[in-house]
Amino acid sequence: MTDRTRWVFAGQLGSQFDDGGRMLLIEARSVFGRRPMHRAKAHLLLSALRHRARDLGDRVEFHQVERYADVVDGRAELEVIDPPSWSARRFVARREITVLPSRGFVTSEEQFGAWAESRGGRRLLLEDFYREVRVRTGILMNGRDPVGGAWNYDADNRRSPPKGATTLGHVPWWPDEDDIDAQVRIDLDRWQAEGSVQLVGDDGPRRFAVTEEEARLALDDFLDYRLPDFGPYEDAMLQGDWTMAHSLLSVPLNLGLLDPREVVEAAEARYRAGAAPLNSVEGFVRQIAGWRDYVWHLYWHLGEEYPTRSNALAATAPLPEAFTTLDPHAIVARCLSETIDGMRRHGWAHHIQRLMVLGNWSLQHGYDPVALNQWFIDIFVDGTPWVMPANVIGMSQHADGGIVATKPYASGGAYISTMSDYCGSCRFNPKVRLGENACPFTAGYWAFLDRNESRLSGNARMAQPLAGLRRLSDREAVVDQERQREVW
Ligand code: FAD
């Protein structure tokens with residue numbers, strides 16, 4: 001233990017960031033006034049900080065101030081664990097603060113760096129990284145071989161929702177709010193009335209864990225009841241079930257309340273005890289030990305300029321009002337209006353809604369990827385600067401020209417129709433691309449390909465879709481229709 005005081009950030013609130021010495025926590029109001037933020041997200045951040053301050057008791061110095069600098073400037077006895085954003089690292093580097101290596105991921109920055117180096121300029125593919133993590137950690141391994149003989153069970157994990165079901169039938173564990181949450185609401189109301197913060201969306205009952213104790217309850221509940229369905233229905237969407245079999249752990253993970261290594265080991269233990277099938281457990285382990293670590297490391301590896309370095313599809317359209325206000329009333333397409341409405345209510349959507357509804361829509365409409373990236377950070381309760389660039393700029397918007405994903409995640413309404421129950425009650429028809437009932441996702445897909453034909457023509461994985469585009473007898477009419485579309 002050192003005699004320094006450890007300043008911890010909002011992503012470092014768990015005991016994995018605490019070595020037992022004096023701690024410093026700062027609630028800086030300016031963080032909430034920079035841009036419009038989802039109110040549920042502001043609530044979670046404040047609640048988590050204040051709960052941590054309460055739990056640390058007399059070991060913590062807790063300040064509620066305007067700016068971080070008000071507390072840390074001029075102090076030479078502070079240390080930090082390398083903070084989780086470029087701007088925070090810069091802030092710390094400009095001061096006399098001791099910096100310790102980052103924590104909170106399955107692999108260290110050093111290990112990722114060595115792996116990236118060993119690729120010798122080849123692509124840094126998630127699949128290769130993930131296998132390396134499995135081998136290095138022994139997670140789901142039998143010696144040098146993957147448990148079950150395969151690295152990947154994706155083929156078992158793409159099921160449509162059960163026929164006729166309106167929900168998967170799981171009610172997740174929900175936290176009980178306390179006096180700290182009540183005070184957070186009072187403060188947010190006051191700040192909003194004063195005009196010092198701009199908040200959007202509802203701040204309904206708190207749905208995500210903000211303490212380590214709550215995070216463990218949320219984890220156990222997921223492992224006990226939803227993990228078996230996680231794999232098969234990972235990509236499925238139902239209007240009546242906003243959580244499906246997802247873990248709802250991104251908030252406590254990104255607050256630093258759960259050690260991701262322990263989370264994947266706990267999931268593996270369920271498989272080894274015969275309590276959860278391998279396809280679900282492997283799928284879950286891949287999300288955390290694979291994707292979550294991978295996007296964290298890419299954030300540093302690709303550099304701070306990565307989001308602005310290229311805009312491969314020349315996308316410059318502003319975000320629509322429905323995104324910035326989270327008001328779905330003018331949206332007719334059921335999948336999009338339900339997803340935006342879920343964002344208004346919870347500040348959260350599950351992965352396939354993020355990728356194949358919100359992301360797909362944005363890609364088709366050419367929204368400015370940097371603005372979209374910022375929107376995801378501000379509006380999603382689990383949004384952080386590090387998690388977004390690889391997910392939004394890379395995977396979802398293909399703005400990096402193919403560093404993260406080999407082809408754009410664009411698809412028509414047929415995919416949404418197969419994977420959800422949205423289309424049955426929608427005015428648009430996913431099979432129709434021209435006319436009053438033309439699905440804006442289906443027609444939008446063709447319009448997207450038409451607009452980007454020359455930009456994508458060098459991509460072998462786009463050869464088939466582009467050949468399909470060239471065969472369309474009504475290509476011009478569809479493109480014209482989408483250019484003029486007012487109802488969507
Ligand atoms: P589950 O579906 O239960 O998955 C388990 C865990 O795996 C998650 O909690 C998360 O920690 C991790 N994970 C899974 N996929 C990813 C991924 N692609 N990147 C990083 N971690 C992953 N994740 C965030 O944590 N914050 C975000 O703001 C965020 N925005 C996203 C935006 C887009 C456009 C896309 C395509 C993905 C985004 N993700 C984000 C990744 C993923 O969608 C969420 O982590 C997940 O939906 C959170 O819900 P859950 O905790 O129930 O996750």
# chains A, B, ... in the order shown; residues from 1 in each chain; ligands from 1
>>> residues_around(residues="A:Asp382", least_positions_apart="3", cutoff="8 Å", atoms="only C-alpha atoms", output="list of chain:residue names")
A:Lys41, A:Ser250, A:Val251, A:Asn254, A:Trp348, A:Ile377
>>> residues_near_ligand(ligand="ligand 1", cutoff="6 Å", atoms="only C-alpha atoms and all ligand atoms", output="PyMOL selection string")
chain A and resi 246-250+284+287-288+291-292+295+350-351+354-355+359+377+380+382-384+387-388+391-392+396
>>> residues_around(residues="stretch 422-424 of chain A", least_positions_apart="3", cutoff="6 Å", atoms="only C-alpha atoms", output="list in words")
Arg334, Cys335 and Ser417 of chain A
>>> atom_distance(atom1="atom CA of A:Gly231", atom2="atom CA of A:Asn157")
4.9 Å
>>> atom_distance(atom1="atom CA of A:Asp480", atom2="atom CA of A:Phe448")
11.9 Å
>>> atom_distance(atom1="atom CA of A:Glu338", atom2="atom CA of A:Asp221")
26.0 Å
>>> select_by_dssp(residues="stretch 254-433 of chain A", states="alpha helix (DSSP H)", output="PyMOL selection string")
chain A and resi 254+260-272+278-285+293-301+306-309+321-325+334-346+351-352+360-365+369-379+388-389+413-419
>>> write_last_selection(atoms="C-alpha atoms", output="compact mmCIF listing (two decimals), in the first residue's frame")
# COMPACT_ATOMS: atom_id res chain seq x y z
CA ASN A 254 -18.27 -0.38 -17.45
CA PRO A 260 -14.78 -9.42 -16.31
CA ARG A 261 -12.45 -12.35 -15.66
CA GLU A 262 -14.62 -13.45 -12.72
CA VAL A 263 -17.75 -13.02 -14.81
CA VAL A 264 -16.57 -15.35 -17.57
CA GLU A 265 -15.22 -17.86 -15.07
CA ALA A 266 -18.59 -17.92 -13.33
CA ALA A 267 -20.29 -18.59 -16.67
CA GLU A 268 -17.80 -21.35 -17.46
CA ALA A 269 -18.50 -22.93 -14.06
CA ARG A 270 -22.20 -23.12 -14.99
CA TYR A 271 -21.29 -25.03 -18.13
CA ARG A 272 -18.96 -27.39 -16.29
CA LEU A 278 -21.96 -24.67 -24.27
CA ASN A 279 -23.35 -22.53 -27.11
CA SER A 280 -24.75 -20.02 -24.61
CA VAL A 281 -21.70 -20.01 -22.38
CA GLU A 282 -19.25 -19.72 -25.27
CA GLY A 283 -21.36 -16.93 -26.81
CA PHE A 284 -21.34 -15.02 -23.53
CA VAL A 285 -17.61 -15.56 -22.93
CA ASP A 293 -11.57 -6.49 -24.45
CA TYR A 294 -11.05 -6.14 -28.19
CA VAL A 295 -12.91 -2.80 -28.49
CA TRP A 296 -11.12 -1.47 -25.38
CA HIS A 297 -7.72 -2.26 -26.85
CA LEU A 298 -8.64 -0.98 -30.30
CA TYR A 299 -9.62 2.34 -28.69
CA TRP A 300 -5.98 2.85 -27.70
CA HIS A 301 -4.40 1.00 -30.59
CA TYR A 306 -9.53 7.12 -35.42
CA PRO A 307 -13.16 8.40 -35.44
CA THR A 308 -12.28 11.46 -37.50
CA ARG A 309 -9.49 10.01 -39.64
CA GLU A 321 -34.82 14.86 -34.40
CA ALA A 322 -36.27 11.50 -33.35
CA PHE A 323 -32.76 10.43 -32.31
CA THR A 324 -31.84 13.58 -30.43
CA THR A 325 -35.19 13.95 -28.64
CA ARG A 334 -42.32 -0.48 -35.93
CA CYS A 335 -38.79 -1.78 -35.36
CA LEU A 336 -37.33 1.71 -35.26
CA SER A 337 -40.09 3.35 -33.24
CA GLU A 338 -40.00 0.54 -30.63
CA THR A 339 -36.22 0.76 -30.36
CA ILE A 340 -36.24 4.55 -30.00
CA ASP A 341 -39.06 4.28 -27.48
CA GLY A 342 -37.02 1.72 -25.51
CA MET A 343 -34.12 4.16 -25.59
CA ARG A 344 -36.37 6.89 -24.22
CA ARG A 345 -37.56 4.64 -21.40
CA HIS A 346 -34.32 2.87 -20.45
CA HIS A 351 -27.06 -5.61 -29.24
CA ILE A 352 -29.07 -6.49 -32.30
CA ASN A 360 -28.35 -0.18 -39.93
CA TRP A 361 -30.77 2.75 -40.22
CA SER A 362 -28.01 5.29 -39.64
CA LEU A 363 -25.76 3.58 -42.17
CA GLN A 364 -28.50 3.54 -44.78
CA HIS A 365 -29.22 7.24 -44.19
CA PRO A 369 -20.46 8.85 -38.02
CA VAL A 370 -18.70 11.15 -35.56
CA ALA A 371 -22.01 12.72 -34.48
CA LEU A 372 -23.55 9.26 -34.24
CA ASN A 373 -20.63 8.01 -32.14
CA GLN A 374 -21.13 10.91 -29.72
CA TRP A 375 -24.89 10.29 -29.62
CA PHE A 376 -24.33 6.68 -28.60
CA ILE A 377 -21.91 7.80 -25.87
CA ASP A 378 -24.33 10.38 -24.45
CA ILE A 379 -27.59 8.49 -24.77
CA MET A 388 -17.91 3.30 -28.99
CA PRO A 389 -15.40 3.91 -31.81
CA GLY A 413 -36.32 -5.58 -43.70
CA ALA A 414 -36.18 -9.34 -44.38
CA TYR A 415 -33.52 -9.77 -41.68
CA ILE A 416 -35.56 -7.81 -39.14
CA SER A 417 -38.66 -9.76 -40.11
CA THR A 418 -36.92 -13.11 -39.56
CA MET A 419 -35.38 -12.12 -36.26
>>> residues_around(residues="stretch 475-479 of chain A", least_positions_apart="2", cutoff="6 Å", atoms="only C-alpha atoms", output="VMD selection string")
chain A and resid 434 447 472 to 473 481 to 482
>>> residues_around(residues="stretch 452-465 of chain A", least_positions_apart="2", cutoff="8 Å", atoms="only C-alpha atoms", output="ChimeraX atom specification")
/A:312-313,406-407,448-450,467-469
>>> write_last_selection(atoms="N, CA and C atoms", output="PDB file, in the first residue's frame")
ATOM      1  N   ALA A 312     -15.249   6.775 -44.752  1.00  0.00           N
ATOM      2  CA  ALA A 312     -15.111   6.009 -46.001  1.00  0.00           C
ATOM      3  C   ALA A 312     -16.363   6.049 -46.868  1.00  0.00           C
ATOM      4  N   LEU A 313     -17.530   6.232 -46.257  1.00  0.00           N
ATOM      5  CA  LEU A 313     -18.746   6.250 -47.067  1.00  0.00           C
ATOM      6  C   LEU A 313     -19.275   7.680 -47.219  1.00  0.00           C
ATOM      7  N   THR A 406     -15.336  -6.486 -42.087  1.00  0.00           N
ATOM      8  CA  THR A 406     -14.943  -6.629 -43.492  1.00  0.00           C
ATOM      9  C   THR A 406     -15.987  -6.077 -44.463  1.00  0.00           C
ATOM     10  N   LYS A 407     -17.236  -5.931 -43.971  1.00  0.00           N
ATOM     11  CA  LYS A 407     -18.237  -5.307 -44.852  1.00  0.00           C
ATOM     12  C   LYS A 407     -19.257  -4.546 -44.006  1.00  0.00           C
ATOM     13  N   PHE A 448     -29.010   2.567 -50.265  1.00  0.00           N
ATOM     14  CA  PHE A 448     -27.663   2.644 -49.670  1.00  0.00           C
ATOM     15  C   PHE A 448     -26.621   2.061 -50.640  1.00  0.00           C
ATOM     16  N   LEU A 449     -26.964   0.884 -51.201  1.00  0.00           N
ATOM     17  CA  LEU A 449     -26.021   0.258 -52.145  1.00  0.00           C
ATOM     18  C   LEU A 449     -25.839   1.137 -53.377  1.00  0.00           C
ATOM     19  N   ASP A 450     -26.939   1.707 -53.847  1.00  0.00           N
ATOM     20  CA  ASP A 450     -26.859   2.569 -55.035  1.00  0.00           C
ATOM     21  C   ASP A 450     -25.926   3.757 -54.754  1.00  0.00           C
ATOM     22  N   ALA A 467     -24.213  -7.041 -57.279  1.00  0.00           N
ATOM     23  CA  ALA A 467     -24.751  -7.696 -58.492  1.00  0.00           C
ATOM     24  C   ALA A 467     -26.282  -7.706 -58.406  1.00  0.00           C
ATOM     25  N   GLY A 468     -26.814  -7.946 -57.205  1.00  0.00           N
ATOM     26  CA  GLY A 468     -28.273  -7.914 -57.005  1.00  0.00           C
ATOM     27  C   GLY A 468     -28.826  -6.536 -57.338  1.00  0.00           C
ATOM     28  N   LEU A 469     -28.103  -5.513 -56.905  1.00  0.00           N
ATOM     29  CA  LEU A 469     -28.539  -4.127 -57.175  1.00  0.00           C
ATOM     30  C   LEU A 469     -28.629  -3.893 -58.681  1.00  0.00           C
TER      31      LEU A 469
END
>>> select_by_dssp(residues="stretch 234-477 of chain A", states="strand (DSSP E or B)", output="list of chain:residue names")
A:Met237, A:Leu238, A:Asp241, A:Ala317, A:Tyr367, A:Ser420, A:Asn429, A:Ala438
>>> write_last_selection(atoms="C-alpha atoms", output="compact mmCIF listing (two decimals), in the first residue's frame")
# COMPACT_ATOMS: atom_id res chain seq x y z
CA MET A 237 -36.06 -9.23 -30.88
CA LEU A 238 -39.57 -9.18 -29.40
CA ASP A 241 -39.55 -8.20 -24.11
CA ALA A 317 -26.27 13.78 -42.84
CA TYR A 367 -25.60 9.99 -40.74
CA SER A 420 -38.32 -10.30 -34.65
CA ASN A 429 -44.05 -4.72 -45.66
CA ALA A 438 -42.42 -0.23 -49.10
